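Working notes, structure below.
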Amino acid sequence: MYIPKQYRIKNEEAVQIMKSNPFALLITVNEHRPLATHIPLEIREDEGKIYATGHIAYGNMQKKTLDNNSDVLLIFQGQHAYISSSWYQCEEVPTWDYLAVHAYGSARLINEDELISSLDTMLNHYEGHRENGRTWETFDPELLKSEMKGIVGFEIEITSIQAAAKMSQNRNDTDYKAIITELEKSNEQGEIQVAQWMREQRKGLIE
């Protein structure tokens with residue numbers, strides 16, 4: 001991913017973007033043809049390493065590319081928004097602000113016990129806080145056994161991260177403030193989230 005110097009962000013911040021936006025694009029190659037699956041992932045850090053765990057449908061042919069593959073790419077998309085140049089002091093062209101992370105790694109298929117642990121973790125993450133949440137132990141074991149036959153679990157050890165936060169860092173305070181003000185007028189959640197991110201970067205600019 002091409003990232004101008006002023007838009008590069010550290011791995012620590014990239015990992016937080018990954019955790020906050022876990023619905024990622026899983027990309028591998030099979031005989032020179034790219035394969036991609038949109039998939040939810042669990043991101044964890046363990047002894048200085050970063051792992052992404054998930055599962056795909058058994059019928060998904062991409063499963064064949066996930067066993068001992070050291071060339072896997074995960075793409076995480078954070079908040080983003082169109083930026084109108086009508087908000088600037090001087091004449092400029094419009095642009096698009098965004099957060100994005102490309103995470104490269106090595107994949108392996110996981111065994112049944114590891115898959116159960118992964119599914120249990122994911123259910124606790126998304127259901128544990130809900131009233132009558134459907135965590136692992138609330139399901140009929142026979143139903144779970146049947147459903148697990150239809151999926152394949154995998155784990156990816158992240159070996160390299162490229163992360164970009166193109167969020168109008170190149171604009172002066174006047175333009176930067178105007179962008180935040182205009183975005184906060186929007187009813188679009190993504191635009192409001194971009195404004196919030198920008199506020200955090202220049203605290204005190206807008207009271």
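Simple scheme: letters A, B, ... for chains in structure tokens order, numbers from 1 for residues in each chain, numbers from 1 for ligands in the order shown.
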All strand (DSSP E or B) residues (DSSP, backbone) inside range 80-190 of chain A, as a PyMOL selection string: chain A and resi 80-83+95-109+151-166
Now that the selection is made, can you save its residues with C-alpha atoms as an mmCIF file, in the first residue's frame?
```
data_model
loop_
_atom_site.group_PDB
_atom_site.id
_atom_site.type_symbol
_atom_site.label_atom_id
_atom_site.label_comp_id
_atom_site.auth_asym_id
_atom_site.auth_seq_id
_atom_site.Cartn_x
_atom_site.Cartn_y
_atom_site.Cartn_z
ATOM 1 C CA HIS A 80 -13.690 7.150 5.958
ATOM 2 C CA ALA A 81 -15.392 10.158 4.392
ATOM 3 C CA TYR A 82 -15.474 12.375 1.324
ATOM 4 C CA ILE A 83 -13.846 15.760 1.970
ATOM 5 C CA THR A 95 -10.247 14.232 -1.511
ATOM 6 C CA TRP A 96 -11.181 11.233 0.619
ATOM 7 C CA ASP A 97 -10.021 10.709 4.200
ATOM 8 C CA TYR A 98 -9.687 7.171 5.557
ATOM 9 C CA LEU A 99 -8.105 4.685 7.938
ATOM 10 C CA ALA A 100 -6.813 1.430 6.431
ATOM 11 C CA VAL A 101 -4.593 -1.437 7.533
ATOM 12 C CA HIS A 102 -2.939 -4.096 5.383
ATOM 13 C CA ALA A 103 -1.739 -6.985 7.533
ATOM 14 C CA TYR A 104 0.444 -9.687 5.980
ATOM 15 C CA GLY A 105 0.976 -13.026 7.623
ATOM 16 C CA SER A 106 1.310 -16.790 7.655
ATOM 17 C CA ALA A 107 -1.827 -18.931 7.822
ATOM 18 C CA ARG A 108 -2.492 -22.405 9.122
ATOM 19 C CA LEU A 109 -5.646 -24.455 9.525
ATOM 20 C CA ILE A 151 -16.789 -24.531 8.434
ATOM 21 C CA VAL A 152 -12.991 -24.567 8.468
ATOM 22 C CA GLY A 153 -11.024 -22.637 11.088
ATOM 23 C CA PHE A 154 -7.716 -20.889 10.569
ATOM 24 C CA GLU A 155 -5.170 -18.747 12.354
ATOM 25 C CA ILE A 156 -2.913 -16.126 10.796
ATOM 26 C CA GLU A 157 0.242 -14.918 12.512
ATOM 27 C CA ILE A 158 0.704 -11.300 11.441
ATOM 28 C CA THR A 159 4.267 -10.738 10.282
ATOM 29 C CA SER A 160 4.037 -7.291 8.675
ATOM 30 C CA ILE A 161 1.673 -4.324 8.924
ATOM 31 C CA GLN A 162 1.178 -1.350 6.612
ATOM 32 C CA ALA A 163 -1.236 1.203 8.042
ATOM 33 C CA ALA A 164 -2.474 4.557 6.809
ATOM 34 C CA ALA A 165 -4.423 7.331 8.471
ATOM 35 C CA LYS A 166 -5.071 9.868 5.722
#
```
Could you name the residues that touch range 124-134 of chain A at 12 Å or less, counting only C-alpha atoms, but leaving out those on the same chain fewer than 2 positions away, as a list in words? Lys19, Pro22, Pro40, Leu41, Glu42, Ile43, Ser117, Ser118, Leu119, Asp120, Thr121, Met122, Trp136, Glu137, Thr138, Phe139 and Asp140 of chain A
When distances are computed from only C-alpha atoms, which of A:Asn111, A:Thr135, A:Asn170, A:Gln16 shows the smallest separation from Met148 in chain A? A:Asn111
Filtered DSSP result for range 7-150 of chain A, state helix (DSSP H, G or I), as an NGL selection string: :A and (7 or 11-20 or 61-65 or 85-87 or 112-127 or 136-138 or 141-148)
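Shortest separation to Glu147 in chain A among A:Met167, A:Ala57, A:Ala178, A:Leu205 occurs at residue A:Ala57, atoms counted being only C-alpha atoms.
Taking CA of Asn68 in chain A as the reference point, CA of Ala36 in chain A is found at 17.3 Å.
Between CA of Leu25 in chain A and CA of Ser146 in chain A lies a distance of 26.5 Å.
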CA of Ala195 in chain A to CA of Ile180 in chain A, straight-line distance in Å: 4.9 Å
Could you check the closest approach to Ser84 in chain A for each of A:Thr53, A:Ser168, A:Thr65, A:Thr28 and tell me which residue wins, using only C-alpha atoms? A:Ser168
I want to know what sits within 7 Å of His38 in chain A, based on only C-alpha atoms, with residues of the same chain fewer than 6 positions away left out; could you give that as a ChimeraX atom specification? /A:23-26
When you count only C-alpha atoms, which of these residues is closest to Met198 in chain A: A:Ser70, A:Asn30, A:Gln89, A:Gln79? A:Gln79
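Distance annotation: of A:His55, A:Glu182, A:Glu200, A:Leu144, the residue with the minimal separation from Leu115 in chain A is A:His55; atom set is only C-alpha atoms.
Considering the residues A:Gly54, A:Phe76, A:Trp87, A:Gln201 and counting only C-alpha atoms, Ile116 in chain A has its shortest atom-to-atom contact with A:Gly54.
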